[in-house]
Structures are given as C-alpha cells and as structure tokens.
$ cat start_13.cif   # mmCIF, C-alpha atoms
data_run
loop_
_atom_site.label_atom_id
_atom_site.label_comp_id
_atom_site.auth_asym_id
_atom_site.auth_seq_id
_atom_site.Cartn_x
_atom_site.Cartn_y
_atom_site.Cartn_z
CA MET X 27 148.59 129.91 72.41
CA SER X 28 144.98 129.33 73.22
CA CYS X 29 141.99 129.33 70.91
CA PRO X 30 140.81 132.70 69.57
CA PHE X 31 137.21 131.72 70.27
CA LEU X 32 137.80 131.17 73.99
CA ASP X 33 136.58 133.63 76.57
CA TYR X 34 136.14 133.31 80.32
CA ARG X 35 132.78 134.53 81.58
CA LEU X 36 130.87 134.61 84.82
CA GLU X 37 127.53 134.81 83.10
CA ALA X 38 125.95 133.92 79.77
CA ASN X 39 122.87 132.20 78.41
CA GLU X 40 121.05 132.77 81.70
CA ARG X 41 123.75 130.88 83.61
CA GLN X 42 125.86 132.39 86.38
CA PHE X 43 128.95 131.03 88.09
CA ASP X 44 131.16 132.00 91.02
CA GLU X 45 134.35 131.62 88.97
CA PRO X 46 134.81 132.66 85.35
CA ARG X 47 134.31 129.62 83.15
CA ALA X 48 135.40 128.70 79.67
CA TYR X 49 132.97 130.02 77.08
CA CYS X 50 133.18 129.33 73.36
CA GLU X 51 132.26 132.31 71.23
CA ALA X 52 131.93 130.13 68.16
CA ALA X 53 129.44 127.82 69.84
CA ALA X 54 127.96 130.61 71.98
CA ARG X 55 127.94 128.59 75.18
CA PHE X 56 129.97 127.42 78.13
CA VAL X 57 132.08 124.38 77.37
CA GLN X 58 132.82 121.25 79.30
CA PRO X 59 135.87 121.45 81.55
CA MET X 60 137.67 118.79 79.54
CA ARG X 61 136.96 120.74 76.36
CA ALA X 62 138.47 123.80 78.05
CA ASP X 63 141.79 121.97 78.23
CA ILE X 64 141.75 121.81 74.43
CA CYS X 65 140.80 125.49 74.24
CA ASN X 66 143.80 126.37 76.38
CA ASP X 67 146.22 124.07 74.56
CA ARG X 68 146.81 122.51 77.96
CA TYR X 69 148.58 119.21 78.62
CA ASP X 70 149.17 117.51 75.26
CA LEU X 71 146.14 119.12 73.60
CA ALA X 72 145.92 121.73 70.84
CA HIS X 73 142.82 123.59 69.73
CA ASP X 74 143.91 123.79 66.07
CA SER X 75 144.16 120.03 65.73
CA ASP X 76 141.95 118.60 68.47
CA CYS X 77 138.85 120.80 68.46
CA GLU X 78 136.25 120.14 65.79
CA ILE X 79 134.48 123.37 66.67
CA TYR X 80 137.58 125.44 66.04
CA LEU X 81 138.26 123.57 62.81
CA GLU X 82 134.70 124.18 61.68
CA HIS X 83 134.76 127.89 62.42
CA ALA X 84 138.36 128.89 61.78
CA GLY X 85 137.95 128.98 58.00
CA ALA X 86 134.95 131.27 58.26
CA ALA X 87 136.81 133.50 60.69
CA ASP X 88 139.73 133.76 58.27
CA GLU X 89 137.39 134.77 55.44
CA ASN X 90 135.91 137.54 57.54
CA GLU X 91 139.23 138.77 58.82
CA GLY X 92 139.64 141.52 56.24
CA LYS X 93 136.12 142.89 56.60
CA ASN X 94 135.66 142.61 60.29
CA GLU X 95 138.94 142.50 62.09
CA ARG X 96 138.67 140.34 65.10
CA GLU X 97 140.91 140.64 68.12
CA PRO X 98 141.93 137.13 69.07
CA LYS X 99 141.11 136.37 72.68
CA ASN X 100 142.53 133.69 74.84
CA GLY X 101 140.64 130.55 74.19
CA THR X 102 138.75 128.00 72.14
CA GLY X 103 135.51 127.00 70.65
CA ASN X 104 132.73 124.57 70.74
CA ARG X 105 130.21 123.53 68.19
CA SER X 106 126.81 124.97 68.87
CA GLY X 107 124.16 122.38 69.34
CA ASP X 108 126.78 119.73 69.90
CA GLY X 109 124.59 117.08 71.41
CA ASP X 110 127.46 115.03 72.74
CA GLU X 111 128.66 117.92 74.82
CA ASN X 112 125.56 118.10 76.92
CA ARG X 113 124.49 114.50 76.94
CA ALA X 114 124.39 113.15 80.43
CA GLY X 115 127.17 110.75 81.05
CA SER X 116 128.56 110.70 77.56
CA GLY X 117 131.85 110.99 79.29
CA GLU X 118 134.79 108.81 79.90
CA ASP X 119 137.99 109.00 81.86
CA ALA X 120 136.05 107.08 84.40
CA MET U 14 130.17 86.09 89.58
CA SER U 15 126.76 85.12 88.32
CA TYR U 16 123.07 84.74 89.07
CA ALA U 17 124.11 82.23 91.75
CA GLU U 18 125.75 85.03 93.75
CA PHE U 19 122.52 87.00 93.46
CA LEU U 20 120.53 84.04 94.76
CA ALA U 21 123.04 83.62 97.56
CA GLY U 22 122.35 87.19 98.63
CA GLU U 23 125.97 88.33 98.47
CA PRO U 24 126.44 91.98 99.48
CA VAL U 25 126.68 94.56 96.72
CA ILE U 26 129.27 97.32 96.79
CA VAL U 27 127.83 100.66 95.67
CA THR U 28 130.32 103.15 94.24
CA ALA U 29 129.35 106.80 93.84
CA ALA U 30 131.19 108.60 91.03
CA LEU U 31 130.80 112.08 92.43
CA THR U 32 132.23 114.58 89.96
CA GLY U 33 134.20 113.22 86.99
CA GLY U 34 136.43 115.22 84.73
CA VAL U 35 134.43 115.71 81.56
CA HIS U 36 131.32 117.77 82.27
CA GLY U 37 130.85 120.20 85.14
CA LYS U 38 128.44 122.75 86.50
CA GLU U 39 127.75 123.99 82.98
CA THR U 40 125.83 120.72 82.56
CA THR U 41 124.20 120.50 85.98
CA PRO U 42 124.42 122.89 88.94
CA HIS U 43 124.17 119.91 91.29
CA LEU U 44 127.57 118.47 90.39
CA PRO U 45 130.18 118.97 93.13
CA GLU U 46 133.44 120.53 91.94
CA THR U 47 135.33 122.05 94.87
CA PRO U 48 136.95 119.92 97.59
CA GLU U 49 134.34 121.06 100.10
CA GLU U 50 131.48 120.24 97.74
CA ILE U 51 133.01 116.84 96.97
CA GLY U 52 133.55 116.15 100.67
CA LYS U 53 129.92 116.95 101.43
CA ALA U 54 128.71 114.83 98.52
CA ALA U 55 130.87 111.92 99.69
CA ALA U 56 129.36 112.03 103.17
CA GLU U 57 125.84 112.16 101.76
CA ALA U 58 126.58 109.28 99.39
CA GLU U 59 128.00 107.18 102.20
CA ALA U 60 124.97 107.89 104.35
CA ALA U 61 122.80 106.77 101.43
CA GLY U 62 124.66 103.47 101.12
CA ALA U 63 127.80 104.00 99.04
CA ALA U 64 130.86 102.17 100.31
CA VAL U 65 133.22 103.70 97.73
CA VAL U 66 133.51 107.21 96.34
CA HIS U 67 135.28 107.70 93.01
CA VAL U 68 136.79 111.15 92.66
CA HIS U 69 138.52 113.38 90.13
CA ALA U 70 140.13 116.72 90.96
CA ARG U 71 139.22 120.10 89.53
CA GLN U 72 140.50 123.65 89.63
CA PRO U 73 138.26 126.36 91.16
CA ASN U 74 136.71 127.01 87.75
CA GLY U 75 135.81 123.35 87.32
CA GLU U 76 138.61 122.49 84.90
CA ARG U 77 140.66 119.35 85.32
CA THR U 78 143.75 119.03 87.41
CA PHE U 79 145.85 115.99 88.19
CA ALA U 80 147.82 117.67 90.99
CA THR U 81 148.48 115.57 94.07
CA GLU U 82 147.84 118.63 96.23
CA ARG U 83 144.30 119.02 94.92
CA PHE U 84 143.53 115.34 95.48
CA GLN U 85 144.88 115.80 98.99
CA GLU U 86 142.50 118.70 99.60
CA ILE U 87 139.62 116.55 98.38
CA ASP U 88 140.58 113.57 100.54
CA ASP U 89 140.95 115.81 103.58
CA ALA U 90 137.53 117.32 102.92
CA ILE U 91 136.02 113.85 102.59
CA ARG U 92 137.67 112.60 105.78
CA ARG U 93 136.38 115.55 107.78
CA ARG U 94 132.87 114.32 107.04
CA ALA U 95 133.13 110.63 106.24
CA GLU U 96 135.71 108.66 108.17
CA ASP U 97 135.04 105.22 106.80
CA VAL U 98 134.10 105.50 103.13
CA ILE U 99 136.64 104.01 100.69
CA ILE U 100 138.28 106.68 98.55
CA GLN U 101 139.03 105.76 94.95
CA HIS U 102 141.04 108.22 92.85
CA SER U 103 140.75 108.41 89.09
CA THR U 104 143.98 108.08 87.13
CA GLY U 105 142.14 108.71 83.87
CA GLY U 106 142.90 111.76 81.75
CA THR U 107 142.43 112.23 78.03
CA GLY U 108 145.26 114.28 76.63
CA ALA U 109 147.20 114.39 79.88
CA PRO U 110 150.88 113.42 79.87
CA ASP U 111 151.65 110.04 81.38
CA ALA U 112 153.54 111.64 84.26
CA ALA U 113 150.42 113.55 85.31
CA ARG U 114 148.40 110.35 85.43
CA HIS U 115 150.54 109.12 88.34
CA LEU U 116 150.00 112.18 90.51
CA PRO U 117 146.62 111.12 92.00
CA LEU U 118 148.35 108.09 93.55
CA ARG U 119 150.68 110.22 95.67
CA THR U 120 148.44 111.60 98.41
CA ASP U 121 149.18 110.90 102.07
CA PRO U 122 147.77 108.42 102.81
CA ALA U 123 147.50 106.90 99.36
CA PRO U 124 143.95 106.24 98.19
CA GLU U 125 142.74 102.76 99.04
CA MET U 126 141.73 102.30 95.40
CA ALA U 127 142.40 103.91 92.03
CA SER U 128 141.04 103.45 88.56
CA LEU U 129 143.20 101.86 85.87
CA ASP U 130 141.98 102.47 82.32
CA MET U 131 142.64 99.33 80.31
CA GLY U 132 142.99 100.73 76.81
CA PRO U 133 142.20 103.36 74.19
CA LEU U 134 139.06 105.44 74.22
CA ASN U 135 137.93 108.03 71.69
CA ARG U 136 136.67 111.40 72.82
CA TYR U 137 135.09 114.24 70.80
CA ASP U 138 136.10 114.03 67.12
CA HIS U 139 139.87 114.23 67.32
CA LEU U 140 141.01 112.85 70.66
CA THR U 141 141.94 109.44 71.94
CA SER U 142 142.85 108.62 75.49
CA GLU U 143 145.57 106.15 74.57
CA ASN U 144 146.17 104.28 77.82
CA THR U 145 149.06 102.31 76.39
CA ARG U 146 150.12 99.03 77.96
CA GLY U 147 153.27 100.80 79.07
CA LEU U 148 151.24 103.37 80.98
CA VAL U 149 148.94 100.71 82.42
CA ASP U 150 151.95 98.76 83.69
CA SER U 151 153.66 101.80 85.17
CA LEU U 152 150.47 102.92 86.94
CA HIS U 153 149.94 99.40 88.25
CA ALA U 154 153.52 99.23 89.50
CA GLU U 155 153.06 102.42 91.49
CA MET U 156 149.72 101.17 92.82
CA VAL U 157 151.41 98.02 94.10
CA GLU U 158 154.21 100.05 95.65
CA ARG U 159 151.75 102.31 97.46
CA GLY U 160 149.24 99.63 98.42
CA VAL U 161 146.46 100.88 96.13
CA LYS U 162 143.84 98.43 94.84
CA PRO U 163 143.36 98.86 91.07
CA GLU U 164 139.87 99.09 89.68
CA LEU U 165 140.25 97.95 86.08
CA GLU U 166 138.17 100.17 83.80
CA LEU U 167 136.87 97.95 80.99
CA PHE U 168 135.46 100.34 78.43
CA ASN U 169 134.73 97.61 75.90
CA ASP U 170 135.20 93.91 75.22
CA GLY U 171 138.69 94.48 73.82
CA HIS U 172 139.67 95.75 77.22
CA LEU U 173 138.73 92.37 78.67
CA ASN U 174 141.55 90.99 76.51
CA GLU U 175 143.75 93.77 77.84
CA ALA U 176 142.89 92.72 81.40
CA LEU U 177 143.88 89.14 80.61
CA GLY U 178 147.12 90.47 79.11
CA LEU U 179 147.79 92.51 82.22
CA LEU U 180 147.31 89.36 84.30
CA ASP U 181 149.88 87.61 82.09
CA ARG U 182 152.36 90.43 82.49
CA ARG U 183 151.87 91.32 86.12
CA ASP U 184 150.83 89.81 89.42
CA LEU U 185 147.45 91.23 90.48
CA ALA U 186 146.18 90.67 93.99
CA ASP U 187 142.97 88.67 94.33
CA PRO U 188 140.26 89.36 93.71
CA VAL U 189 140.70 91.13 90.39
CA TYR U 190 138.14 93.94 90.35
CA GLY U 191 136.91 95.32 87.03
CA THR U 192 134.22 97.76 86.00
CA LEU U 193 132.21 96.82 82.91
CA ILE U 194 131.23 100.02 81.14
CA PHE U 195 128.32 100.40 78.73
CA GLY U 196 127.26 103.36 76.64
CA PRO U 197 127.94 105.25 73.39
CA GLY U 198 131.11 105.69 71.36
CA THR U 199 134.02 103.45 72.27
CA LEU U 200 132.11 101.88 75.12
CA THR U 201 130.48 98.47 74.90
CA PRO U 202 127.07 98.89 73.23
CA PRO U 203 124.51 98.83 76.05
CA THR U 204 122.54 95.65 75.46
CA PRO U 205 121.71 92.86 77.90
CA ARG U 206 123.35 90.32 75.56
CA ASN U 207 126.60 92.28 75.63
CA PHE U 208 126.38 92.53 79.40
CA LEU U 209 126.07 88.75 79.72
CA THR U 210 128.88 88.17 77.24
CA ALA U 211 131.15 90.54 79.15
CA ILE U 212 130.48 88.68 82.39
CA ASP U 213 131.35 85.41 80.67
CA ASN U 214 134.65 86.86 79.48
CA LEU U 215 135.84 88.17 82.84
CA PRO U 216 139.04 86.69 84.25
CA ALA U 217 138.36 83.71 86.49
CA GLY U 218 137.48 84.74 90.02
CA ALA U 219 137.07 88.40 89.18
CA GLN U 220 134.56 90.63 90.92
CA PHE U 221 132.78 93.01 88.60
CA ASN U 222 131.29 96.45 88.94
CA THR U 223 128.59 97.68 86.53
CA LEU U 224 128.56 101.13 84.95
CA GLY U 225 126.03 102.35 82.41
CA PHE U 226 126.35 105.89 81.11
CA GLY U 227 123.42 108.29 80.91
CA ARG U 228 120.02 106.66 80.70
CA HIS U 229 121.66 103.24 80.87
CA GLN U 230 122.80 103.81 84.45
CA LEU U 231 119.72 102.46 86.18
CA PRO U 232 118.95 99.43 83.97
CA PHE U 233 122.57 98.30 83.93
CA ALA U 234 122.91 98.78 87.68
CA THR U 235 119.83 96.59 88.05
CA MET U 236 121.35 93.94 85.80
CA GLY U 237 124.53 94.12 87.84
CA LEU U 238 122.49 93.49 90.97
CA LEU U 239 120.75 90.51 89.37
CA PHE U 240 123.96 88.88 88.26
CA GLY U 241 125.86 89.16 91.48
CA GLY U 242 127.91 92.19 90.49
CA HIS U 243 128.57 95.51 92.13
CA VAL U 244 127.24 98.84 90.88
CA ARG U 245 128.41 102.37 90.21
CA VAL U 246 126.10 105.37 90.01
CA GLY U 247 126.63 109.11 90.27
CA LEU U 248 126.66 112.43 88.50
CA GLU U 249 129.94 111.71 86.71
CA ASP U 250 128.15 109.14 84.60
CA ASN U 251 124.57 110.36 84.53
CA VAL U 252 123.09 113.72 85.47
CA TYR U 253 119.42 112.78 85.16
CA TYR U 254 117.08 111.12 87.62
CA ARG U 255 114.62 110.40 84.86
CA GLN U 256 114.09 111.76 81.35
CA GLY U 257 114.11 115.55 81.43
CA GLU U 258 114.63 115.77 85.19
CA LEU U 259 118.08 116.46 86.57
CA ALA U 260 119.18 114.45 89.56
CA THR U 261 119.51 116.76 92.55
CA SER U 262 122.51 115.02 94.11
CA ASN U 263 124.76 112.00 93.98
CA ALA U 264 123.01 110.73 97.10
CA GLN U 265 119.70 110.71 95.28
CA LEU U 266 121.11 108.29 92.70
CA VAL U 267 122.67 106.14 95.42
CA GLU U 268 119.40 106.03 97.37
CA ARG U 269 117.56 104.75 94.31
CA VAL U 270 119.93 101.89 93.56
CA VAL U 271 120.05 100.94 97.26
CA ARG U 272 116.26 100.81 97.25
CA ILE U 273 116.31 98.49 94.24
CA ALA U 274 118.99 96.29 95.81
CA ASP U 275 116.87 96.03 98.91
CA GLU U 276 113.79 95.04 96.89
CA LEU U 277 115.86 92.39 95.10
CA GLY U 278 117.27 91.01 98.31
CA ARG U 279 120.89 92.11 97.85
CA PRO U 280 122.27 93.55 101.07
CA VAL U 281 124.32 96.68 100.57
CA ALA U 282 127.92 96.38 101.72
CA THR U 283 129.24 98.70 104.37
CA PRO U 284 132.73 100.12 103.78
CA SER U 285 134.11 97.44 106.11
CA GLN U 286 132.35 94.68 104.20
CA ALA U 287 133.56 96.18 100.92
CA ARG U 288 137.14 96.10 102.21
CA GLU U 289 136.72 92.44 103.01
CA ILE U 290 135.20 91.63 99.60
CA LEU U 291 137.90 93.53 97.72
CA GLY U 292 140.80 92.38 99.87
CA LEU U 293 141.83 95.89 100.86
#
$ encode --input "start_13.cif" --output "structure tokens"
Amino acid sequence: MSCPFLDYRLEANERQFDEPRAYCEAAARFVQPMRADICNDRYDLAHDSDCEIYLEHAGAADENEGKNEREPKNGTGNRSGDGDENRAGSGEDA
Amino acid sequence: MSYAEFLAGEPVIVTAALTGGVHGKETTPHLPETPEEIGKAAAEAEAAGAAVVHVHARQPNGERTFATERFQEIDDAIRRRAEDVIIQHSTGGTGAPDAARHLPLRTDPAPEMASLDMGPLNRYDHLTSENTRGLVDSLHAEMVERGVKPELELFNDGHLNEALGLLDRRDLADPVYGTLIFGPGTLTPPTPRNFLTAIDNLPAGAQFNTLGFGRHQLPFATMGLLFGGHVRVGLEDNVYYRQGELATSNAQLVERVVRIADELGRPVATPSQAREILGL
C-alpha cells in the first residue's frame, strides 16, 4: 500500500514534466525520486514508518476523517518547506 | 598522496557524477535522467575533461531503479557518444535490498569501476543506508569476479577504519582508490582540518578522490587538487554554479574544475592515463 498523500502529476507549482512525477499533497510539492520510493513502499521502505512528512500529517488527517472524508490516493507525503529536500547535493548513495 | 604529488605535477582524474539517485528534475531541470540524456551528458563531460563518469539508473519518471537492463541502456547510450570515458556504476541504494545492489555490476561488458559504500549513512529522519560489512564483502567479491575496480566511498572518518578492515579481510588490487566525502549529516564535517586528517588516515599507497557536497564542491575539489588527489564534481552532488544560480550542465562544473587544475599546474588525466593510474 502506498501513502495516501501521494499523487502523480505532470504539472504543479509552475513546474511541468514529460512523465507524471511523485507529488506529495501534504507538502504540496514534487518530491525527490528517492523519497518517492518511500511513498510507494518500494524496496524495503514503508511510508508509515520511514516518512517524517507522513508521520507529521497522518494524525491531522485522521482527525479530519469524519468531517471531510478523504479518498486515499496512491502515494506519500513530504514536509513542506523541508530544506533538506531541496538543498543541492545534500544527497548520498554516491 | 600529498602536497608533494601536487608539486610533482601528477595528473588529476576528474570524475563527473552525472545524475545520482536522490534528487531529480524536480530540483533542477538540467539534471540528466534518461539513458539518452545521461549519454549526452557523459560525452559533454568527457569533452570538458572528465575521465570517469559515475552513473545511477532511473525509471522514465526519474525514480530509482537498480535493474541491470537500465544500466545497460545507459552504458549503450554513453558508448554511442563517448567511446573512451571510464564508466563507473553506483552500487549505492538506501532502502534497497542487498540483492538489488548487485544488479548494476552485471552489464555486458561490466563497468570498469563501481562504487562501494563503506558503511552506514543516515538519510531523511528515519532511514539508514546500512551497508553492512557482509554486503560490502559480497559486492567486492562480485567486483573481483567481474573485473570491476571498486571506488571506496568514505562518507566519514569511521569509514576509513572500515576501509582498513576491508583490507584485512580481503585482497584489494593496488592502488586502493577511495573517495573522501564532505558535507552535512553523516558525512565528514567539511573543514580543511578534517580534510587533512582524512588524508593522513588513508591506507598506505591509496589514491584519493575528493567530493564535497553542495557549496563545498568547489573548495574541496580545489583542496584535492592542491594535495595531489583526484576530484569529483557534477549535478549529483551539487546543482549550483554559484549561490542562487543553477549550474546549466555537468560539463559546466567539469570545465570549471579543469580550469582551476590548469591554473594550479595539475594536468588533467585522459581516460587512458586514468586507467594507468588506477590500474584498470
């Protein structure tokens, strides 16, 4: 099962792509490809234990469930304003 | 390696890390993702002075893949445009099963080089790329079997101990080649003192490559040049040319470090010279 905050979009935030890319509805932005593996529970990864954005937003989503029923989509989330995500060369797996 | 090698004017091997597996086009539109884009970037980097290209594989939407077939597509795309450049595959992969980490070694022909992560590395808030000694040994065994030169990825000083341990456990061909990595998080803190200490702690006779993440790329590449080391630049590790200005290509970053090497009197190694230096 993938993260309920994950969506695949061609366009958002004034960005356009040729292929649909992983977009986090919780963070309201496209996510890094490696983060998308967490969103999709791919390999040995799981959004409900490995993604801090999901963990941060899941509780709030649960609270709102009764008032504003949300259809889970395929996918995951990312923390908005997560500086590490967009920092040049913060990466690894070199 | 030391300042003496710099004074002796030994050639420097420039590696271009073209794409990586962490960020993608959502971070910079200039980052190559598809095999054709990576092949074109490799040719441009070689023309700019890179002797080695370090590659990861991606799906069409930019997400990671470890599939041999995708690495094969990338290698074929590179070879159509750059016959001589040394291809180095990444075997890194946070969260990937150990079996998947072997797949990049199985192209035909095998890559001349491949990365070998020497120990654990934290990522985001809840992930660790474990890189157990068992995995390191099994990857190294397959590299030996397939004639692949390992590039030891030394994310921090503890990994220098791990390299020494690997040398105790296994027979590595000379020269040992390791990349000293500086930056945030689990990486060695990027200070000149730490750089000098890391050089002092390298295994005897080792050749070193210098990698600074983000804004540390250029100053650490320059230090690498001054202390007789080799250098790695590219959009995998740094997407900016200067503060607030995205680099427009991998070749642009290669051109800059080649220019600095030239000013400092370090000749830039051709792929053939790099093969000789590395014992490929």
$ interface_residues --input "start_13.cif" --of "chain U" --to "chain X" --cutoff "9 Å" --atoms "all atoms listed in the file" --output "count of residues only"
54
$ atom_distance --input "start_13.cif" --atom1 "atom CA of U:Val25" --atom2 "atom CA of U:Ala186"
20.1 Å
$ resolve_selection --input "start_13.cif" --expression "the PyMOL selection byres ((chain U and resi 102) around 10)" --output "number ranges by chain"
X: 120; U: 66-70, 84, 88, 99-101, 103-105, 117-118, 120, 123-129, 161, 163-164
$ residues_around --input "start_13.cif" --residues "X:Glu51" --least-positions-apart "2" --cutoff "6 Å" --atoms "all atoms listed in the file" --output "compact mmCIF listing (two decimals) with C-alpha atoms, in the frame of the given file"
# COMPACT_ATOMS: atom_id res chain seq x y z
CA PHE X 31 137.21 131.72 70.27
CA ALA X 53 129.44 127.82 69.84
CA ALA X 54 127.96 130.61 71.98
$ residues_around --input "start_13.cif" --residues "U:Gln265" --least-positions-apart "3" --cutoff "12 Å" --atoms "only C-alpha atoms" --output "tab-separated table (two decimals) with C-alpha atoms, in the frame of the given file"
chain	number	residue	atom	x	y	z
U	29	ALA	CA	129.35	106.80	93.84
U	31	LEU	CA	130.80	112.08	92.43
U	43	HIS	CA	124.17	119.91	91.29
U	54	ALA	CA	128.71	114.83	98.52
U	57	GLU	CA	125.84	112.16	101.76
U	58	ALA	CA	126.58	109.28	99.39
U	59	GLU	CA	128.00	107.18	102.20
U	60	ALA	CA	124.97	107.89	104.35
U	61	ALA	CA	122.80	106.77	101.43
U	62	GLY	CA	124.66	103.47	101.12
U	63	ALA	CA	127.80	104.00	99.04
U	246	VAL	CA	126.10	105.37	90.01
U	247	GLY	CA	126.63	109.11	90.27
U	248	LEU	CA	126.66	112.43	88.50
U	251	ASN	CA	124.57	110.36	84.53
U	252	VAL	CA	123.09	113.72	85.47
U	253	TYR	CA	119.42	112.78	85.16
U	254	TYR	CA	117.08	111.12	87.62
U	255	ARG	CA	114.62	110.40	84.86
U	259	LEU	CA	118.08	116.46	86.57
U	260	ALA	CA	119.18	114.45	89.56
U	261	THR	CA	119.51	116.76	92.55
U	262	SER	CA	122.51	115.02	94.11
U	268	GLU	CA	119.40	106.03	97.37
U	269	ARG	CA	117.56	104.75	94.31
U	270	VAL	CA	119.93	101.89	93.56
U	271	VAL	CA	120.05	100.94	97.26
U	272	ARG	CA	116.26	100.81	97.25
$ resolve_selection --input "start_13.cif" --expression "the PyMOL selection byres ((chain U and resi 85) around 9)" --output "PyMOL selection string"
chain U and resi 80-84+86-90+117+119-122
$ closest_residue --input "start_13.cif" --among "U:Arg93, U:Leu185, U:Glu49, U:Gly292" --to "U:Val157" --atoms "only C-alpha atoms"
U:Leu185
$ atom_distance --input "start_13.cif" --atom1 "atom CA of U:Ala234" --atom2 "atom CA of U:Asn222"
8.8 Å
$ atom_distance --input "start_13.cif" --atom1 "atom CA of U:Val244" --atom2 "atom CA of U:Tyr190"
12.0 Å
$ resolve_selection --input "start_13.cif" --expression "the PyMOL selection byres ((chain U and resi 179) around 12)" --output "NGL selection string"
:U and (129-132 or 145-154 or 163 or 165 or 172-178 or 180-185 or 189 or 216)
$ closest_residue --input "start_13.cif" --among "U:Gln72, U:Asn263, U:Ser15, U:Thr204" --to "U:Gly218" --atoms "all atoms listed in the file"
U:Ser15
$ residues_around --input "start_13.cif" --residues "U:Met236" --least-positions-apart "2" --cutoff "12 Å" --atoms "all atoms listed in the file" --output "PyMOL selection string"
chain U and resi 15-16+19+193+195+203-209+212+221-225+229-234+238-245+270+273-274+277
